[in-house]
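Peer 1: Just so it is clear, I am handing over final-v8.pdb, which has PDB, N, CA and C atoms.
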```pdb
MODEL        1
ATOM      1  N   MET A   1     -12.889 -42.540-138.668
ATOM      2  CA  MET A   1     -13.388 -42.278-137.341
ATOM      3  C   MET A   1     -12.631 -41.123-136.686
ATOM      4  N   GLU A   2     -11.302 -41.154-136.755
ATOM      5  CA  GLU A   2     -10.501 -40.121-136.124
ATOM      6  C   GLU A   2     -10.612 -38.779-136.847
ATOM      7  N   SER A   3     -11.073 -38.772-138.102
ATOM      8  CA  SER A   3     -11.196 -37.508-138.831
ATOM      9  C   SER A   3     -12.385 -36.678-138.345
ATOM     10  N   CYS A   4     -13.295 -37.287-137.652
ATOM     11  CA  CYS A   4     -14.449 -36.585-137.086
ATOM     12  C   CYS A   4     -14.141 -36.263-135.616
ATOM     13  N   PRO A   5     -14.278 -35.012-135.189
ATOM     14  CA  PRO A   5     -13.967 -34.644-133.798
ATOM     15  C   PRO A   5     -14.847 -35.386-132.795
ATOM     16  N   ALA A   6     -14.290 -35.621-131.620
ATOM     17  CA  ALA A   6     -15.006 -36.344-130.561
ATOM     18  C   ALA A   6     -16.310 -35.648-130.179
ATOM     19  N   GLU A   7     -16.329 -34.317-130.245
ATOM     20  CA  GLU A   7     -17.548 -33.574-129.893
ATOM     21  C   GLU A   7     -18.696 -33.899-130.845
ATOM     22  N   ILE A   8     -18.369 -34.066-132.118
ATOM     23  CA  ILE A   8     -19.401 -34.426-133.100
ATOM     24  C   ILE A   8     -19.883 -35.846-132.848
ATOM     25  N   TRP A   9     -18.937 -36.764-132.572
ATOM     26  CA  TRP A   9     -19.333 -38.145-132.266
ATOM     27  C   TRP A   9     -20.251 -38.191-131.055
ATOM     28  N   ARG A  10     -19.947 -37.386-130.017
ATOM     29  CA  ARG A  10     -20.794 -37.393-128.819
ATOM     30  C   ARG A  10     -22.224 -36.945-129.133
ATOM     31  N   LYS A  11     -22.354 -35.953-130.007
ATOM     32  CA  LYS A  11     -23.706 -35.507-130.391
ATOM     33  C   LYS A  11     -24.441 -36.598-131.163
ATOM     34  N   ILE A  12     -23.738 -37.259-132.078
ATOM     35  CA  ILE A  12     -24.336 -38.349-132.844
ATOM     36  C   ILE A  12     -24.720 -39.489-131.911
ATOM     37  N   LEU A  13     -23.824 -39.845-131.008
ATOM     38  CA  LEU A  13     -24.072 -40.957-130.096
ATOM     39  C   LEU A  13     -25.189 -40.636-129.106
ATOM     40  N   ALA A  14     -25.331 -39.366-128.732
ATOM     41  CA  ALA A  14     -26.422 -38.989-127.830
ATOM     42  C   ALA A  14     -27.775 -39.285-128.472
ATOM     43  N   PHE A  15     -27.891 -39.078-129.778
ATOM     44  CA  PHE A  15     -29.127 -39.412-130.486
ATOM     45  C   PHE A  15     -29.287 -40.927-130.637
ATOM     46  N   ALA A  16     -28.172 -41.620-130.852
ATOM     47  CA  ALA A  16     -28.226 -43.071-131.058
ATOM     48  C   ALA A  16     -28.511 -43.824-129.764
ATOM     49  N   CYS A  17     -28.135 -43.261-128.641
ATOM     50  CA  CYS A  17     -28.233 -43.971-127.365
ATOM     51  C   CYS A  17     -29.517 -43.643-126.606
ATOM     52  N   THR A  18     -30.641 -43.645-127.293
ATOM     53  CA  THR A  18     -31.922 -43.381-126.631
ATOM     54  C   THR A  18     -32.854 -44.583-126.711
ATOM     55  N   ASP A  19     -32.296 -45.764-126.807
ATOM     56  CA  ASP A  19     -33.107 -46.967-126.979
ATOM     57  C   ASP A  19     -33.121 -47.868-125.755
ATOM     58  N   GLY A  20     -32.839 -47.332-124.592
ATOM     59  CA  GLY A  20     -32.854 -48.143-123.390
ATOM     60  C   GLY A  20     -31.490 -48.694-123.019
ATOM     61  N   GLY A  21     -30.470 -48.344-123.751
ATOM     62  CA  GLY A  21     -29.122 -48.759-123.419
ATOM     63  C   GLY A  21     -28.481 -49.775-124.345
ATOM     64  N   HIS A  22     -29.277 -50.407-125.200
ATOM     65  CA  HIS A  22     -28.748 -51.460-126.061
ATOM     66  C   HIS A  22     -27.689 -50.934-127.032
ATOM     67  N   THR A  23     -27.959 -49.831-127.699
ATOM     68  CA  THR A  23     -27.007 -49.283-128.673
ATOM     69  C   THR A  23     -25.737 -48.814-127.994
ATOM     70  N   GLY A  24     -25.853 -48.139-126.865
ATOM     71  CA  GLY A  24     -24.672 -47.680-126.137
ATOM     72  C   GLY A  24     -23.783 -48.827-125.703
ATOM     73  N   CYS A  25     -24.398 -49.898-125.203
ATOM     74  CA  CYS A  25     -23.619 -51.078-124.804
ATOM     75  C   CYS A  25     -22.931 -51.705-126.009
ATOM     76  N   SER A  26     -23.638 -51.816-127.105
ATOM     77  CA  SER A  26     -23.063 -52.406-128.317
ATOM     78  C   SER A  26     -21.914 -51.562-128.854
ATOM     79  N   LEU A  27     -22.100 -50.248-128.881
ATOM     80  CA  LEU A  27     -21.044 -49.367-129.373
ATOM     81  C   LEU A  27     -19.816 -49.411-128.477
ATOM     82  N   SER A  28     -20.021 -49.513-127.175
ATOM     83  CA  SER A  28     -18.877 -49.532-126.269
ATOM     84  C   SER A  28     -18.039 -50.790-126.427
ATOM     85  N   LEU A  29     -18.605 -51.825-127.014
ATOM     86  CA  LEU A  29     -17.866 -53.071-127.239
ATOM     87  C   LEU A  29     -17.106 -53.089-128.558
ATOM     88  N   THR A  30     -17.340 -52.123-129.442
ATOM     89  CA  THR A  30     -16.719 -52.161-130.764
ATOM     90  C   THR A  30     -15.248 -51.767-130.741
ATOM     91  N   CYS A  31     -14.903 -50.681-130.062
ATOM     92  CA  CYS A  31     -13.502 -50.258-129.986
ATOM     93  C   CYS A  31     -13.335 -49.316-128.799
ATOM     94  N   ARG A  32     -12.102 -49.051-128.424
ATOM     95  CA  ARG A  32     -11.836 -48.174-127.283
ATOM     96  C   ARG A  32     -12.304 -46.746-127.533
ATOM     97  N   TYR A  33     -12.187 -46.307-128.772
ATOM     98  CA  TYR A  33     -12.605 -44.939-129.112
ATOM     99  C   TYR A  33     -14.090 -44.752-128.797
ATOM    100  N   PHE A  34     -14.927 -45.685-129.255
ATOM    101  CA  PHE A  34     -16.361 -45.585-128.978
ATOM    102  C   PHE A  34     -16.669 -45.855-127.512
ATOM    103  N   CYS A  35     -15.914 -46.733-126.897
ATOM    104  CA  CYS A  35     -16.122 -46.998-125.465
ATOM    105  C   CYS A  35     -15.937 -45.715-124.664
ATOM    106  N   ASP A  36     -14.878 -44.968-124.976
ATOM    107  CA  ASP A  36     -14.632 -43.699-124.296
ATOM    108  C   ASP A  36     -15.672 -42.643-124.666
ATOM    109  N   ALA A  37     -16.088 -42.636-125.927
ATOM    110  CA  ALA A  37     -17.063 -41.644-126.384
ATOM    111  C   ALA A  37     -18.450 -41.892-125.786
ATOM    112  N   VAL A  38     -18.799 -43.142-125.574
ATOM    113  CA  VAL A  38     -20.121 -43.504-125.055
ATOM    114  C   VAL A  38     -20.180 -43.415-123.528
ATOM    115  N   ALA A  39     -19.043 -43.431-122.861
ATOM    116  CA  ALA A  39     -19.014 -43.453-121.393
ATOM    117  C   ALA A  39     -19.883 -42.371-120.737
ATOM    118  N   PRO A  40     -19.835 -41.109-121.180
ATOM    119  CA  PRO A  40     -20.698 -40.110-120.543
ATOM    120  C   PRO A  40     -22.196 -40.347-120.777
ATOM    121  N   LEU A  41     -22.524 -41.151-121.774
ATOM    122  CA  LEU A  41     -23.928 -41.422-122.103
ATOM    123  C   LEU A  41     -24.390 -42.771-121.566
ATOM    124  N   ARG A  42     -23.577 -43.380-120.730
ATOM    125  CA  ARG A  42     -23.841 -44.744-120.277
ATOM    126  C   ARG A  42     -25.237 -44.908-119.679
ATOM    127  N   PHE A  43     -25.681 -43.936-118.918
ATOM    128  CA  PHE A  43     -26.990 -44.018-118.273
ATOM    129  C   PHE A  43     -27.987 -43.023-118.865
ATOM    130  N   HIS A  44     -27.732 -42.567-120.074
ATOM    131  CA  HIS A  44     -28.588 -41.586-120.746
ATOM    132  C   HIS A  44     -30.022 -42.100-120.891
ATOM    133  N   SER A  45     -30.158 -43.315-121.370
ATOM    134  CA  SER A  45     -31.468 -43.928-121.595
ATOM    135  C   SER A  45     -31.426 -45.346-121.046
ATOM    136  N   VAL A  46     -32.315 -45.659-120.101
ATOM    137  CA  VAL A  46     -32.279 -46.946-119.411
ATOM    138  C   VAL A  46     -33.654 -47.599-119.458
ATOM    139  N   ALA A  47     -33.667 -48.875-119.809
ATOM    140  CA  ALA A  47     -34.906 -49.662-119.779
ATOM    141  C   ALA A  47     -34.671 -50.885-118.902
ATOM    142  N   LEU A  48     -35.467 -51.017-117.864
ATOM    143  CA  LEU A  48     -35.351 -52.140-116.940
ATOM    144  C   LEU A  48     -36.610 -52.986-117.060
ATOM    145  N   THR A  49     -36.428 -54.238-117.451
ATOM    146  CA  THR A  49     -37.593 -55.079-117.723
ATOM    147  C   THR A  49     -37.656 -56.341-116.872
ATOM    148  N   SER A  50     -36.734 -56.480-115.913
ATOM    149  CA  SER A  50     -36.779 -57.671-115.061
ATOM    150  C   SER A  50     -36.193 -57.341-113.693
ATOM    151  N   LEU A  51     -36.426 -58.216-112.761
ATOM    152  CA  LEU A  51     -35.888 -58.044-111.418
ATOM    153  C   LEU A  51     -34.361 -58.045-111.452
ATOM    154  N   GLY A  52     -33.769 -58.981-112.185
ATOM    155  CA  GLY A  52     -32.316 -59.069-112.272
ATOM    156  C   GLY A  52     -31.691 -57.810-112.842
ATOM    157  N   GLN A  53     -32.292 -57.281-113.912
ATOM    158  CA  GLN A  53     -31.790 -56.044-114.514
ATOM    159  C   GLN A  53     -31.890 -54.878-113.534
ATOM    160  N   THR A  54     -32.995 -54.793-112.837
ATOM    161  CA  THR A  54     -33.221 -53.686-111.915
ATOM    162  C   THR A  54     -32.215 -53.718-110.772
ATOM    163  N   VAL A  55     -31.978 -54.871-110.207
ATOM    164  CA  VAL A  55     -31.027 -55.010-109.098
ATOM    165  C   VAL A  55     -29.600 -54.732-109.582
ATOM    166  N   ALA A  56     -29.226 -55.282-110.734
ATOM    167  CA  ALA A  56     -27.879 -55.068-111.272
ATOM    168  C   ALA A  56     -27.662 -53.598-111.622
ATOM    169  N   PHE A  57     -28.674 -52.970-112.209
ATOM    170  CA  PHE A  57     -28.538 -51.556-112.561
ATOM    171  C   PHE A  57     -28.431 -50.690-111.319
ATOM    172  N   ALA A  58     -29.194 -51.001-110.283
ATOM    173  CA  ALA A  58     -29.118 -50.218-109.042
ATOM    174  C   ALA A  58     -27.697 -50.254-108.483
ATOM    175  N   ALA A  59     -27.066 -51.408-108.522
ATOM    176  CA  ALA A  59     -25.694 -51.532-108.029
ATOM    177  C   ALA A  59     -24.718 -50.754-108.908
ATOM    178  N   ALA A  60     -24.862 -50.863-110.220
ATOM    179  CA  ALA A  60     -23.971 -50.148-111.148
ATOM    180  C   ALA A  60     -24.159 -48.643-111.041
ATOM    181  N   PHE A  61     -25.378 -48.205-110.912
ATOM    182  CA  PHE A  61     -25.677 -46.772-110.822
ATOM    183  C   PHE A  61     -25.134 -46.190-109.519
ATOM    184  N   GLU A  62     -25.169 -46.981-108.464
ATOM    185  CA  GLU A  62     -24.637 -46.531-107.181
ATOM    186  C   GLU A  62     -23.117 -46.341-107.247
ATOM    187  N   ARG A  63     -22.437 -47.202-108.030
ATOM    188  CA  ARG A  63     -20.979 -47.108-108.174
ATOM    189  C   ARG A  63     -20.561 -45.998-109.147
ATOM    190  N   ALA A  64     -21.463 -45.526-109.973
ATOM    191  CA  ALA A  64     -21.139 -44.511-110.978
ATOM    192  C   ALA A  64     -20.842 -43.173-110.309
ATOM    193  N   SER A  65     -20.182 -42.305-111.049
ATOM    194  CA  SER A  65     -19.817 -40.999-110.486
ATOM    195  C   SER A  65     -21.070 -40.179-110.169
ATOM    196  N   ALA A  66     -20.882 -39.207-109.311
ATOM    197  CA  ALA A  66     -22.010 -38.377-108.871
ATOM    198  C   ALA A  66     -22.585 -37.539-110.005
ATOM    199  N   GLN A  67     -21.792 -37.261-111.034
ATOM    200  CA  GLN A  67     -22.262 -36.454-112.159
ATOM    201  C   GLN A  67     -23.092 -37.264-113.144
ATOM    202  N   THR A  68     -23.139 -38.566-112.978
ATOM    203  CA  THR A  68     -23.892 -39.422-113.882
ATOM    204  C   THR A  68     -25.384 -39.168-113.714
ATOM    205  N   THR A  69     -26.059 -38.939-114.833
ATOM    206  CA  THR A  69     -27.496 -38.683-114.779
ATOM    207  C   THR A  69     -28.243 -39.607-115.725
ATOM    208  N   ILE A  70     -29.486 -39.834-115.386
ATOM    209  CA  ILE A  70     -30.387 -40.599-116.252
ATOM    210  C   ILE A  70     -31.298 -39.585-116.930
ATOM    211  N   ARG A  71     -31.381 -39.659-118.220
ATOM    212  CA  ARG A  71     -32.250 -38.741-118.961
ATOM    213  C   ARG A  71     -33.615 -39.377-119.226
ATOM    214  N   HIS A  72     -33.613 -40.673-119.577
ATOM    215  CA  HIS A  72     -34.841 -41.413-119.860
ATOM    216  C   HIS A  72     -34.802 -42.721-119.067
ATOM    217  N   LEU A  73     -35.846 -42.995-118.300
ATOM    218  CA  LEU A  73     -35.904 -44.215-117.498
ATOM    219  C   LEU A  73     -37.239 -44.905-117.735
ATOM    220  N   PHE A  74     -37.165 -46.170-118.137
ATOM    221  CA  PHE A  74     -38.361 -46.994-118.307
ATOM    222  C   PHE A  74     -38.221 -48.194-117.389
ATOM    223  N   VAL A  75     -39.226 -48.421-116.556
ATOM    224  CA  VAL A  75     -39.239 -49.580-115.666
ATOM    225  C   VAL A  75     -40.518 -50.345-115.917
ATOM    226  N   ALA A  76     -40.376 -51.596-116.324
ATOM    227  CA  ALA A  76     -41.548 -52.435-116.560
ATOM    228  C   ALA A  76     -42.135 -52.833-115.210
ATOM    229  N   GLU A  77     -43.426 -52.935-115.182
ATOM    230  CA  GLU A  77     -44.095 -53.350-113.956
ATOM    231  C   GLU A  77     -43.680 -54.769-113.617
ATOM    232  N   ALA A  78     -43.210 -54.938-112.400
ATOM    233  CA  ALA A  78     -42.810 -56.276-111.948
ATOM    234  C   ALA A  78     -43.955 -56.898-111.171
ATOM    235  N   ARG A  79     -44.293 -58.085-111.534
ATOM    236  CA  ARG A  79     -45.407 -58.768-110.865
ATOM    237  C   ARG A  79     -44.894 -59.996-110.130
ATOM    238  N   PHE A  80     -44.806 -59.842-108.841
ATOM    239  CA  PHE A  80     -44.383 -60.939-107.977
ATOM    240  C   PHE A  80     -45.480 -61.122-106.924
ATOM    241  N   TYR A  81     -46.645 -61.522-107.358
ATOM    242  CA  TYR A  81     -47.796 -61.576-106.475
ATOM    243  C   TYR A  81     -47.582 -62.458-105.252
ATOM    244  N   HIS A  82     -46.943 -63.574-105.451
ATOM    245  CA  HIS A  82     -46.838 -64.552-104.380
ATOM    246  C   HIS A  82     -45.478 -64.558-103.693
ATOM    247  N   ASP A  83     -44.522 -63.819-104.176
ATOM    248  CA  ASP A  83     -43.174 -63.858-103.623
ATOM    249  C   ASP A  83     -42.833 -62.518-102.963
ATOM    250  N   LYS A  84     -43.023 -62.455-101.660
ATOM    251  CA  LYS A  84     -42.789 -61.215-100.904
ATOM    252  C   LYS A  84     -41.316 -60.815-100.920
ATOM    253  N   ALA A  85     -40.413 -61.783-100.928
ATOM    254  CA  ALA A  85     -38.980 -61.469-100.939
ATOM    255  C   ALA A  85     -38.591 -60.762-102.236
ATOM    256  N   LYS A  86     -39.124 -61.239-103.370
ATOM    257  CA  LYS A  86     -38.827 -60.598-104.654
ATOM    258  C   LYS A  86     -39.453 -59.214-104.727
ATOM    259  N   GLN A  87     -40.655 -59.066-104.169
ATOM    260  CA  GLN A  87     -41.301 -57.757-104.131
ATOM    261  C   GLN A  87     -40.431 -56.755-103.374
ATOM    262  N   LYS A  88     -39.921 -57.179-102.234
ATOM    263  CA  LYS A  88     -39.092 -56.301-101.414
ATOM    264  C   LYS A  88     -37.770 -55.979-102.113
ATOM    265  N   GLU A  89     -37.147 -56.970-102.746
ATOM    266  CA  GLU A  89     -35.890 -56.760-103.457
ATOM    267  C   GLU A  89     -36.072 -55.761-104.602
ATOM    268  N   PHE A  90     -37.153 -55.933-105.364
ATOM    269  CA  PHE A  90     -37.444 -55.025-106.472
ATOM    270  C   PHE A  90     -37.709 -53.614-105.966
ATOM    271  N   ARG A  91     -38.516 -53.500-104.932
ATOM    272  CA  ARG A  91     -38.872 -52.198-104.371
ATOM    273  C   ARG A  91     -37.622 -51.473-103.858
ATOM    274  N   ASN A  92     -36.749 -52.187-103.153
ATOM    275  CA  ASN A  92     -35.526 -51.572-102.621
ATOM    276  C   ASN A  92     -34.602 -51.100-103.742
ATOM    277  N   ALA A  93     -34.442 -51.919-104.787
ATOM    278  CA  ALA A  93     -33.588 -51.537-105.918
ATOM    279  C   ALA A  93     -34.172 -50.331-106.640
ATOM    280  N   LEU A  94     -35.464 -50.342-106.872
ATOM    281  CA  LEU A  94     -36.110 -49.225-107.563
ATOM    282  C   LEU A  94     -36.026 -47.933-106.746
ATOM    283  N   LEU A  95     -36.221 -48.021-105.455
ATOM    284  CA  LEU A  95     -36.104 -46.837-104.602
ATOM    285  C   LEU A  95     -34.678 -46.289-104.603
ATOM    286  N   ALA A  96     -33.697 -47.167-104.612
ATOM    287  CA  ALA A  96     -32.294 -46.718-104.658
ATOM    288  C   ALA A  96     -32.026 -45.979-105.972
ATOM    289  N   ILE A  97     -32.543 -46.497-107.066
ATOM    290  CA  ILE A  97     -32.369 -45.843-108.371
ATOM    291  C   ILE A  97     -33.056 -44.485-108.384
ATOM    292  N   LEU A  98     -34.299 -44.443-107.957
ATOM    293  CA  LEU A  98     -35.061 -43.193-108.000
ATOM    294  C   LEU A  98     -34.499 -42.141-107.043
ATOM    295  N   ASN A  99     -34.042 -42.559-105.884
ATOM    296  CA  ASN A  99     -33.467 -41.604-104.928
ATOM    297  C   ASN A  99     -32.188 -40.966-105.480
ATOM    298  N   ARG A 100     -31.415 -41.741-106.210
ATOM    299  CA  ARG A 100     -30.177 -41.194-106.787
ATOM    300  C   ARG A 100     -30.480 -40.411-108.069
ATOM    301  N   ALA A 101     -31.419 -40.873-108.863
ATOM    302  CA  ALA A 101     -31.717 -40.219-110.139
ATOM    303  C   ALA A 101     -32.441 -38.893-109.937
ATOM    304  N   ALA A 102     -33.321 -38.836-108.971
ATOM    305  CA  ALA A 102     -34.115 -37.620-108.736
ATOM    306  C   ALA A 102     -34.252 -37.391-107.242
ATOM    307  N   PRO A 103     -33.184 -36.924-106.581
ATOM    308  CA  PRO A 103     -33.211 -36.794-105.135
ATOM    309  C   PRO A 103     -34.212 -35.777-104.610
ATOM    310  N   THR A 104     -34.661 -34.872-105.462
ATOM    311  CA  THR A 104     -35.634 -33.888-104.988
ATOM    312  C   THR A 104     -37.009 -34.251-105.476
TER     313      THR A 104
ENDMDL
END
```
Now that the file is in, can you turn its structure into structure tokens?

Peer 2:
Amino acid sequence: MESCPAEIWRKILAFACTDGGHTGCSLSLTCRYFCDAVAPLRFHSVALTSLGQTVAFAAAFERASAQTTIRHLFVAEARFYHDKAKQKEFRNALLAILNRAAPT
């Protein structure tokens, strides 16, 4: 691992971390070297498929540095037909994400 320069690992990891975040999270748990290497790609590719994920991600993204960018964002349609509170919570979290990800 150490025989390969960090710049090469970052290029490899950038290709590996385009699956909605699963690979990046898994790699960051393997060792400190990969955790540090994956950190700039933490929000490279994001898939949000539930209300809980969307709210948690909005909070994490808000705490992230200003240079953090999302390259690929997938948001599953949330259907809360009868629950107005959940609709509002989802809408607020999604708006916070979109306003930070693409302010213009």

Peer 1: Please provide as an MDAnalysis selection string all residues within 6 Å of Gly21 in chain A, with the sequence filter that same-chain residues fewer than 2 positions apart are discarded (counting only C-alpha atoms).

Peer 2: chainID A and resid 19 23:24 45:46

Peer 1: Check which residues satisfy the PyMOL selection byres ((chain A and resi 90) around 8) in the file shown, then give them as a list in words.

Peer 2: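 Going through the file, the PyMOL selection byres ((chain A and resi 90) around 8) ends up selecting Ser50, Leu51, Gly52, Thr54, Val55, Ala78, Lys84, Ala85, Lys86, Gln87, Lys88, Glu89, Arg91, Asn92, Ala93, Leu94, Leu95 and Ala96 of chain A.
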
Peer 1: Keeping N, CA and C atoms for every residue in the selection just given, could you write it to a file as a PDB file, in the coordinates of the input?

Peer 2:
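The resulting file, again37.pdb, is shown below:
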```pdb
ATOM      1  N   SER A  50     -36.734 -56.480-115.913  1.00  0.00           N
ATOM      2  CA  SER A  50     -36.779 -57.671-115.061  1.00  0.00           C
ATOM      3  C   SER A  50     -36.193 -57.341-113.693  1.00  0.00           C
ATOM      4  N   LEU A  51     -36.426 -58.216-112.761  1.00  0.00           N
ATOM      5  CA  LEU A  51     -35.888 -58.044-111.418  1.00  0.00           C
ATOM      6  C   LEU A  51     -34.361 -58.045-111.452  1.00  0.00           C
ATOM      7  N   GLY A  52     -33.769 -58.981-112.185  1.00  0.00           N
ATOM      8  CA  GLY A  52     -32.316 -59.069-112.272  1.00  0.00           C
ATOM      9  C   GLY A  52     -31.691 -57.810-112.842  1.00  0.00           C
ATOM     10  N   THR A  54     -32.995 -54.793-112.837  1.00  0.00           N
ATOM     11  CA  THR A  54     -33.221 -53.686-111.915  1.00  0.00           C
ATOM     12  C   THR A  54     -32.215 -53.718-110.772  1.00  0.00           C
ATOM     13  N   VAL A  55     -31.978 -54.871-110.207  1.00  0.00           N
ATOM     14  CA  VAL A  55     -31.027 -55.010-109.098  1.00  0.00           C
ATOM     15  C   VAL A  55     -29.600 -54.732-109.582  1.00  0.00           C
ATOM     16  N   ALA A  78     -43.210 -54.938-112.400  1.00  0.00           N
ATOM     17  CA  ALA A  78     -42.810 -56.276-111.948  1.00  0.00           C
ATOM     18  C   ALA A  78     -43.955 -56.898-111.171  1.00  0.00           C
ATOM     19  N   LYS A  84     -43.023 -62.455-101.660  1.00  0.00           N
ATOM     20  CA  LYS A  84     -42.789 -61.215-100.904  1.00  0.00           C
ATOM     21  C   LYS A  84     -41.316 -60.815-100.920  1.00  0.00           C
ATOM     22  N   ALA A  85     -40.413 -61.783-100.928  1.00  0.00           N
ATOM     23  CA  ALA A  85     -38.980 -61.469-100.939  1.00  0.00           C
ATOM     24  C   ALA A  85     -38.591 -60.762-102.236  1.00  0.00           C
ATOM     25  N   LYS A  86     -39.124 -61.239-103.370  1.00  0.00           N
ATOM     26  CA  LYS A  86     -38.827 -60.598-104.654  1.00  0.00           C
ATOM     27  C   LYS A  86     -39.453 -59.214-104.727  1.00  0.00           C
ATOM     28  N   GLN A  87     -40.655 -59.066-104.169  1.00  0.00           N
ATOM     29  CA  GLN A  87     -41.301 -57.757-104.131  1.00  0.00           C
ATOM     30  C   GLN A  87     -40.431 -56.755-103.374  1.00  0.00           C
ATOM     31  N   LYS A  88     -39.921 -57.179-102.234  1.00  0.00           N
ATOM     32  CA  LYS A  88     -39.092 -56.301-101.414  1.00  0.00           C
ATOM     33  C   LYS A  88     -37.770 -55.979-102.113  1.00  0.00           C
ATOM     34  N   GLU A  89     -37.147 -56.970-102.746  1.00  0.00           N
ATOM     35  CA  GLU A  89     -35.890 -56.760-103.457  1.00  0.00           C
ATOM     36  C   GLU A  89     -36.072 -55.761-104.602  1.00  0.00           C
ATOM     37  N   ARG A  91     -38.516 -53.500-104.932  1.00  0.00           N
ATOM     38  CA  ARG A  91     -38.872 -52.198-104.371  1.00  0.00           C
ATOM     39  C   ARG A  91     -37.622 -51.473-103.858  1.00  0.00           C
ATOM     40  N   ASN A  92     -36.749 -52.187-103.153  1.00  0.00           N
ATOM     41  CA  ASN A  92     -35.526 -51.572-102.621  1.00  0.00           C
ATOM     42  C   ASN A  92     -34.602 -51.100-103.742  1.00  0.00           C
ATOM     43  N   ALA A  93     -34.442 -51.919-104.787  1.00  0.00           N
ATOM     44  CA  ALA A  93     -33.588 -51.537-105.918  1.00  0.00           C
ATOM     45  C   ALA A  93     -34.172 -50.331-106.640  1.00  0.00           C
ATOM     46  N   LEU A  94     -35.464 -50.342-106.872  1.00  0.00           N
ATOM     47  CA  LEU A  94     -36.110 -49.225-107.563  1.00  0.00           C
ATOM     48  C   LEU A  94     -36.026 -47.933-106.746  1.00  0.00           C
ATOM     49  N   LEU A  95     -36.221 -48.021-105.455  1.00  0.00           N
ATOM     50  CA  LEU A  95     -36.104 -46.837-104.602  1.00  0.00           C
ATOM     51  C   LEU A  95     -34.678 -46.289-104.603  1.00  0.00           C
ATOM     52  N   ALA A  96     -33.697 -47.167-104.612  1.00  0.00           N
ATOM     53  CA  ALA A  96     -32.294 -46.718-104.658  1.00  0.00           C
ATOM     54  C   ALA A  96     -32.026 -45.979-105.972  1.00  0.00           C
TER      55      ALA A  96
END
```

Peer 1: With the PyMOL selection byres ((chain A and resi 69) around 8) as the selection, what would be picked from this file? Answer as a list in words, please.

Peer 2: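 When the PyMOL selection byres ((chain A and resi 69) around 8) is applied to the shown file, the picked residues are Pro40, Leu41, Arg42, Phe43, His44, Ser45, Ser65, Ala66, Gln67, Thr68, Ile70, Arg71, His72, Arg100 and Ala101 of chain A.
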
Peer 1: To one decimal place in Å, what is the distance between atom C of Ile97 in chain A and CA of Phe57 in chain A?

Peer 2: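 CA of Phe57 in chain A lies 9.4 Å from atom C of Ile97 in chain A.
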
Peer 1: In Å, how far is it from atom C of Arg79 in chain A to atom N of Thr49 in chain A?

Peer 2: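 Atom-to-atom, atom C of Arg79 in chain A and atom N of Thr49 in chain A are spaced 12.6 Å apart.
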
Peer 1: Rank nothing, just name the residue among A:Leu48, A:Cys4, A:Arg32, A:Ala39 nearest to Gly20 in chain A, using only N, CA and C atoms.

Peer 2: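 Distance minimum relative to Gly20 in chain A lands on A:Leu48.
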
Peer 1: Just the number, please: distance in Å from CA of Ala47 in chain A to atom C of Ala6 in chain A, one decimal.

Peer 2: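 Those two atoms sit 25.5 Å apart.
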
Peer 1: Assign secondary structure with DSSP using the backbone only, and return the residues of chain A in helix (DSSP H, G or I) as an MDAnalysis selection string.

Peer 2: chainID A and resid 6:16 22:28 32:41 51:63 84:101

Peer 1: Write out as lines of an AutoDock Vina configuration file an axis-aligned box for range 66-70 of chain A: all of its atoms listed in the file, 3 Å added on each side, centre and edge lengths in Å with one decimal.

Peer 2:
```
center_x = -26.1
center_y = -38.5
center_z = -112.9
size_x = 16.4
size_y = 10.1
size_z = 14.1
```

Peer 1: Chain A: which residues are strand (DSSP E) by DSSP, as a count of residues only?

Peer 2: 8
